[in-house]
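Asks: Below is the file work.txt, with compact mmCIF, C-alpha atoms.
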# COMPACT_ATOMS: atom_id res chain seq x y z
CA ASP A 229 -8.25 -11.61 -10.92
CA VAL A 230 -7.23 -11.26 -7.31
CA LYS A 231 -9.97 -9.86 -5.21
CA VAL A 232 -9.62 -8.30 -1.79
CA THR A 233 -12.99 -7.43 -0.36
CA GLN A 234 -13.59 -5.18 2.61
CA SER A 235 -16.92 -5.60 4.32
CA SER A 236 -18.01 -1.98 4.50
CA ARG A 237 -17.08 1.05 2.40
CA TYR A 238 -18.47 3.52 4.93
CA LEU A 239 -19.12 3.19 8.66
CA VAL A 240 -20.20 5.69 11.30
CA LYS A 241 -19.67 4.69 14.92
CA ARG A 242 -19.82 6.39 18.29
CA THR A 243 -16.94 6.89 20.70
CA GLY A 244 -16.47 3.81 22.85
CA GLU A 245 -18.12 1.38 20.47
CA LYS A 246 -16.40 -1.82 19.43
CA VAL A 247 -15.76 -1.85 15.70
CA PHE A 248 -14.99 -4.77 13.42
CA LEU A 249 -13.52 -4.27 9.96
CA GLU A 250 -13.50 -7.42 7.89
CA CYS A 251 -11.30 -8.29 4.93
CA VAL A 252 -11.47 -11.36 2.71
CA GLN A 253 -9.13 -12.36 -0.12
CA ASP A 254 -9.76 -15.10 -2.64
CA MET A 255 -6.25 -15.91 -3.90
CA ASP A 256 -4.95 -18.10 -1.08
CA HIS A 257 -2.41 -15.45 -0.07
CA GLU A 258 -0.41 -16.11 3.07
CA ASN A 259 0.11 -12.47 3.99
CA MET A 260 -2.53 -9.96 4.93
CA PHE A 261 -2.15 -6.36 6.07
CA TRP A 262 -4.12 -3.53 7.60
CA TYR A 263 -3.18 0.08 6.88
CA ARG A 264 -4.80 3.36 7.74
CA GLN A 265 -4.58 6.37 5.49
CA ASP A 266 -4.83 9.97 6.60
CA PRO A 267 -4.33 13.17 4.61
CA GLY A 268 -0.67 14.16 4.46
CA LEU A 269 0.49 11.01 6.25
CA GLY A 270 0.20 8.42 3.50
CA LEU A 271 -0.48 4.81 4.42
CA ARG A 272 0.64 3.59 7.81
CA LEU A 273 0.91 -0.07 8.68
CA ILE A 274 -1.19 -1.13 11.67
CA TYR A 275 -0.80 -4.91 11.75
CA PHE A 276 0.05 -7.72 9.39
CA SER A 277 -0.25 -11.48 9.41
CA TYR A 278 1.85 -14.01 7.54
CA ASP A 279 -0.14 -17.09 8.51
CA VAL A 280 -3.31 -18.19 10.21
CA LYS A 281 -3.34 -17.16 13.87
CA MET A 282 -0.07 -15.26 13.40
CA LYS A 283 0.15 -11.49 13.69
CA GLU A 284 2.82 -8.85 13.84
CA LYS A 285 2.59 -5.22 14.91
CA GLY A 286 3.19 -2.55 12.36
CA ASP A 287 4.01 1.08 13.07
CA ILE A 288 0.80 2.15 14.78
CA PRO A 289 -0.82 -0.85 16.53
CA GLU A 290 -2.03 1.07 19.60
CA GLY A 291 -5.78 0.98 19.97
CA TYR A 292 -6.18 -1.88 17.49
CA SER A 293 -6.15 -5.65 17.51
CA VAL A 294 -6.48 -8.20 14.74
CA SER A 295 -7.75 -11.70 14.20
CA ARG A 296 -6.80 -14.28 11.57
CA GLU A 297 -8.71 -17.48 12.23
CA LYS A 298 -8.89 -18.49 8.56
CA LYS A 299 -6.37 -17.93 5.81
CA GLU A 300 -8.70 -15.86 3.67
CA ARG A 301 -9.98 -13.53 6.39
CA PHE A 302 -8.22 -10.84 8.40
CA SER A 303 -10.19 -8.71 10.81
CA LEU A 304 -9.24 -5.39 12.35
CA ILE A 305 -10.81 -4.66 15.72
CA LEU A 306 -11.15 -1.34 17.49
CA GLU A 307 -11.99 -2.33 21.06
CA SER A 308 -13.19 1.14 22.03
CA ALA A 309 -13.36 3.51 19.10
CA SER A 310 -12.08 7.03 19.54
CA THR A 311 -12.40 10.09 17.35
CA ASN A 312 -8.71 9.95 16.39
CA GLN A 313 -9.40 6.62 14.73
CA THR A 314 -11.55 8.32 12.13
CA SER A 315 -9.71 7.34 8.97
CA MET A 316 -9.64 5.34 5.76
CA TYR A 317 -8.68 1.73 6.46
CA LEU A 318 -7.11 -0.36 3.74
CA CYS A 319 -6.63 -4.11 3.71
CA ALA A 320 -4.06 -5.83 1.47
CA SER A 321 -2.78 -9.32 0.79
CA SER A 322 0.22 -10.92 -0.91
CA PHE A 323 1.96 -14.21 -1.50
CA ASN A 324 4.61 -15.09 1.05
CA TRP A 325 7.41 -16.15 -1.24
CA ASP A 326 6.56 -14.37 -4.44
CA ASN A 327 9.49 -12.59 -5.98
CA VAL A 328 7.34 -9.67 -7.03
CA GLY A 329 6.17 -8.86 -3.55
CA GLU A 330 3.04 -7.27 -4.98
CA LEU A 331 0.38 -6.17 -2.55
CA PHE A 332 -3.25 -6.39 -3.65
CA PHE A 333 -5.47 -3.84 -1.95
CA GLY A 334 -9.15 -3.65 -1.19
CA GLU A 335 -11.26 -0.58 -1.93
CA GLY A 336 -10.99 0.73 1.61
CA SER A 337 -13.35 1.31 4.53
CA ARG A 338 -13.94 4.87 5.59
CA LEU A 339 -14.67 4.97 9.32
CA THR A 340 -16.06 8.01 11.07
CA VAL A 341 -16.10 7.99 14.88
CA LEU A 342 -18.39 10.59 16.42
CA ASP B 230 13.26 7.58 9.21
CA ALA B 231 11.85 8.05 5.73
CA LYS B 232 13.53 5.75 3.25
CA THR B 233 12.35 7.68 0.19
CA THR B 234 11.84 11.30 -0.77
CA GLN B 235 9.38 12.35 -3.45
CA PRO B 236 8.05 15.71 -4.58
CA THR B 237 4.66 16.49 -3.13
CA SER B 238 3.00 17.20 -6.46
CA MET B 239 3.62 17.37 -10.19
CA ASP B 240 1.65 18.29 -13.29
CA CYS B 241 1.90 16.73 -16.73
CA ALA B 242 0.22 17.48 -20.04
CA GLU B 243 -1.94 14.75 -21.50
CA GLY B 244 -0.04 12.69 -24.07
CA ARG B 245 3.35 13.71 -22.76
CA ALA B 246 5.70 11.60 -20.70
CA ALA B 247 5.37 11.89 -16.94
CA ASN B 248 8.68 11.50 -15.10
CA LEU B 249 8.30 10.97 -11.37
CA PRO B 250 11.52 11.12 -9.35
CA CYS B 251 12.34 9.35 -6.11
CA ASN B 252 15.39 9.68 -3.90
CA HIS B 253 16.46 6.70 -1.80
CA SER B 254 20.03 7.56 -0.87
CA THR B 255 20.21 5.06 2.00
CA ILE B 256 19.05 2.07 -0.01
CA SER B 257 20.74 -1.21 0.88
CA GLY B 258 22.10 -3.70 -1.59
CA ASN B 259 19.24 -6.14 -1.07
CA GLU B 260 16.44 -3.59 -1.22
CA TYR B 261 14.18 -3.31 -4.21
CA VAL B 262 12.47 -0.16 -5.47
CA TYR B 263 8.69 -0.50 -5.83
CA TRP B 264 6.17 1.87 -7.30
CA TYR B 265 2.46 1.91 -6.56
CA ARG B 266 -0.24 4.38 -7.43
CA GLN B 267 -3.55 5.25 -5.85
CA ILE B 268 -6.36 6.66 -7.89
CA HIS B 269 -8.93 8.63 -5.92
CA SER B 270 -11.26 6.47 -3.81
CA GLN B 271 -9.44 3.25 -4.66
CA GLY B 272 -6.80 1.11 -2.98
CA PRO B 273 -3.19 1.40 -4.17
CA GLN B 274 -2.19 -0.54 -7.28
CA TYR B 275 1.18 -2.09 -8.01
CA ILE B 276 2.98 -0.61 -11.03
CA ILE B 277 6.52 -1.93 -11.25
CA HIS B 278 9.60 -2.83 -9.25
CA GLY B 279 13.33 -3.25 -9.81
CA LEU B 280 16.63 -3.96 -8.09
CA LYS B 281 19.35 -2.37 -10.22
CA ASN B 282 18.43 -2.80 -13.87
CA ASN B 283 15.94 -0.64 -15.68
CA GLU B 284 12.55 -2.28 -16.00
CA THR B 285 9.61 -1.84 -18.34
CA ASN B 286 6.12 -3.28 -18.38
CA GLU B 287 2.82 -2.40 -19.98
CA MET B 288 2.20 0.38 -17.49
CA ALA B 289 5.51 2.16 -17.05
CA SER B 290 9.30 2.17 -17.11
CA LEU B 291 11.56 2.32 -14.10
CA ILE B 292 14.99 3.88 -14.41
CA ILE B 293 17.37 3.29 -11.50
CA THR B 294 20.62 5.21 -11.33
CA GLU B 295 23.85 3.27 -11.30
CA ASP B 296 24.52 4.08 -7.65
CA ARG B 297 20.87 3.14 -6.89
CA LYS B 298 20.36 6.26 -4.82
CA SER B 299 17.52 7.51 -6.97
CA SER B 300 15.04 6.33 -9.53
CA THR B 301 12.48 7.68 -11.96
CA LEU B 302 9.12 6.24 -12.89
CA ILE B 303 8.17 7.08 -16.45
CA LEU B 304 4.64 6.99 -17.81
CA PRO B 305 5.39 7.35 -21.52
CA HIS B 306 2.10 8.84 -22.71
CA ALA B 307 0.16 10.13 -19.72
CA THR B 308 -3.63 10.12 -19.87
CA LEU B 309 -6.18 11.79 -17.64
CA ARG B 310 -6.74 8.42 -15.98
CA ASP B 311 -3.13 8.46 -14.77
CA THR B 312 -4.00 11.26 -12.35
CA ALA B 313 -3.20 9.68 -8.99
CA VAL B 314 -0.85 9.63 -6.02
CA TYR B 315 2.34 7.70 -6.85
CA TYR B 316 4.29 5.99 -4.10
CA CYS B 317 7.94 5.01 -4.26
CA ILE B 318 8.91 2.34 -1.73
CA VAL B 319 12.14 0.54 -0.99
CA ARG B 320 12.00 -2.81 0.70
CA VAL B 321 13.76 -6.10 1.03
CA ALA B 322 11.97 -8.72 -1.03
CA HIS B 323 9.90 -11.09 1.12
CA ASN B 324 10.16 -8.80 4.14
CA ASN B 325 6.53 -8.36 5.08
CA ASN B 326 7.27 -5.75 7.67
CA ASP B 327 9.00 -3.42 5.31
CA MET B 328 6.30 -2.21 2.92
CA ARG B 329 6.08 1.40 4.05
CA PHE B 330 4.19 4.02 2.06
CA GLY B 331 5.10 7.67 2.46
CA ALA B 332 3.02 10.61 1.30
CA GLY B 333 3.84 10.02 -2.37
CA THR B 334 3.63 12.41 -5.32
CA ARG B 335 0.28 13.68 -6.48
CA LEU B 336 0.42 13.64 -10.28
CA THR B 337 -2.18 15.69 -12.12
CA VAL B 338 -2.49 15.08 -15.85
CA LYS B 339 -4.01 18.08 -17.56
CA PRO B 340 -5.79 18.22 -20.93
When written as structure tokens, how does the structure in this file appear?
Replies:
Amino acid sequence: DVKVTQSSRYLVKRTGEKVFLECVQDMDHENMFWYRQDPGLGLRLIYFSYDVKMKEKGDIPEGYSVSREKKERFSLILESASTNQTSMYLCASSFNWDNVGELFFGEGSRLTVL
Amino acid sequence: DAKTTQPTSMDCAEGRAANLPCNHSTISGNEYVYWYRQIHSQGPQYIIHGLKNNETNEMASLIITEDRKSSTLILPHATLRDTAVYYCIVRVAHNNNDMRFGAGTRLTVKP
């Protein structure tokens, strides 16, 4: 079974702190994604990566950066956390040229910024 | 611009078929219709996808109208564990930038 693992299910950070959210997948997927989910807004794409060291902005990249140094790992970085970044963060991965285009999601990381 | 429109919520009786509609009137010829669901406190899970033909798998059936402007996801015998938010997405296959989730439909299966 494909497994996408997010490092922390729950985090509490203070305004201004640097926050790292880690995601690891074990199926050799080329693509990895970071979404945030807020009530009434559904999932919104922050960044995605289709290869090591490659990244593309999604719909809401402001205030975030990402890192993909190894194929299996995709990190989301909040350089200076703010209260409006309190959210559920979801990581996903997929094959690059798979006809199904199925995304496999992690369990999510719920971040609270005080 | 939203590519899909879904009702905010629906109820279904346990054991009955759940029919979840989705409008995608601006769908392009090379865009597929995907359905995912998200059970509380979990990440979304792929259900099914299709281009123009009806599709069926072990989880659900997907009915796409002939003009492709709308579709219906059918859970033939809903159970309490099917209570979830269901997302309808249209995207071009292999386009990584195009997997956009809206607010979805909250399906509640009642005993």
Asks: Would you mind listing what lies within 6 Å of segment 314-325 of chain A as a ChimeraX atom specification, with all atoms listed in the file counted and same-chain residues fewer than 6 positions away left out?
Replies: /A:257-265,331-334,336-341
Asks: Just need the residues of chain B within 12 Å of chain A, counting all atoms listed in the file, so spit them out as a PyMOL selection string.
Replies: chain B and resi 230-231+237-238+260-280+314-335
Asks: Could you give me, as a list in words, the residues within 12 Å of Lys339 of chain B, counting all atoms listed in the file and dropping anything in the same chain fewer than 5 positions from it?
Replies: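 Everything that qualifies: Met239, Asp240, Cys241, Ala242, Glu243, Gly244, Arg245, Ala247, Ala307, Thr308, Leu309, Arg310, Asp311 and Thr312 of chain B.
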Asks: Measure the distance from atom CA of Thr311 of chain A to atom CA of Val294 of chain A in Å and round it to one decimal.
Replies: 19.4 Å
Asks: For Ser310 of chain A, list every protein, DNA or RNA residue within 12 Å, evaluated using all atoms listed in the file, and leave out those in the same chain fewer than 6 positions away; present the list as a PyMOL selection string.
Replies: chain A and resi 240-247+290-292+339-342
Asks: Around the point (-9.8, -12.7, -2.2) in the file's coordinates, collect all residues with an atom within 9 Å, using all atoms listed in the file, and return them as a PyMOL selection string.
Replies: chain A and resi 229-233+251-257+300-301+321
Asks: How many Å lie between atom CA of Gln313 of chain A and atom CA of Leu336 of chain B, rounded to one decimal?
Replies: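 Atom CA of Leu336 of chain B lies 27.8 Å from atom CA of Gln313 of chain A.
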Asks: Would you work out the distance separating atom CA of Val338 of chain B from atom CA of Lys298 of chain B, expressed in Å to one decimal?
Replies: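 For atom CA of Val338 of chain B relative to atom CA of Lys298 of chain B, the distance reads 26.9 Å.
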Asks: Pick out the residues sitting within 7 Å of Leu249 of chain B, and hand them over as a PyMOL selection string; count only C-alpha atoms, and ignore anything fewer than 5 positions along from it in its own chain.
Replies: chain B and resi 301-303
Asks: Between A:Ser235, A:Ile274, A:Val280, A:Glu297, single out the one closest to Phe248 of chain A, counting all atoms listed in the file.
Replies: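 The closest residue to Phe248 of chain A is A:Ser235.
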Asks: Taking all atoms listed in the file into account, which of B:Pro236, B:Gly258, B:Pro340, B:Pro250 comes nearest Ile292 of chain B?
Replies: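 Answer, going by the shortest atom-to-atom distance: B:Pro250.
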Asks: I need segment 283-296 of chain B written out with C-alpha atoms, as a compact mmCIF listing (two decimals), in the first residue's frame; please produce it.
Replies:
# COMPACT_ATOMS: atom_id res chain seq x y z
CA ASN B 283 -19.75 5.58 -17.51
CA GLU B 284 -17.37 3.88 -15.11
CA THR B 285 -17.80 1.42 -12.27
CA ASN B 286 -15.41 0.05 -9.69
CA GLU B 287 -15.70 -1.65 -6.33
CA MET B 288 -16.50 1.62 -4.60
CA ALA B 289 -18.90 3.46 -6.87
CA SER B 290 -20.29 4.19 -10.32
CA LEU B 291 -19.78 7.35 -12.29
CA ILE B 292 -22.41 8.47 -14.77
CA ILE B 293 -21.39 11.25 -17.16
CA THR B 294 -24.01 12.91 -19.32
CA GLU B 295 -23.60 12.75 -23.06
CA ASP B 296 -22.73 16.44 -23.31
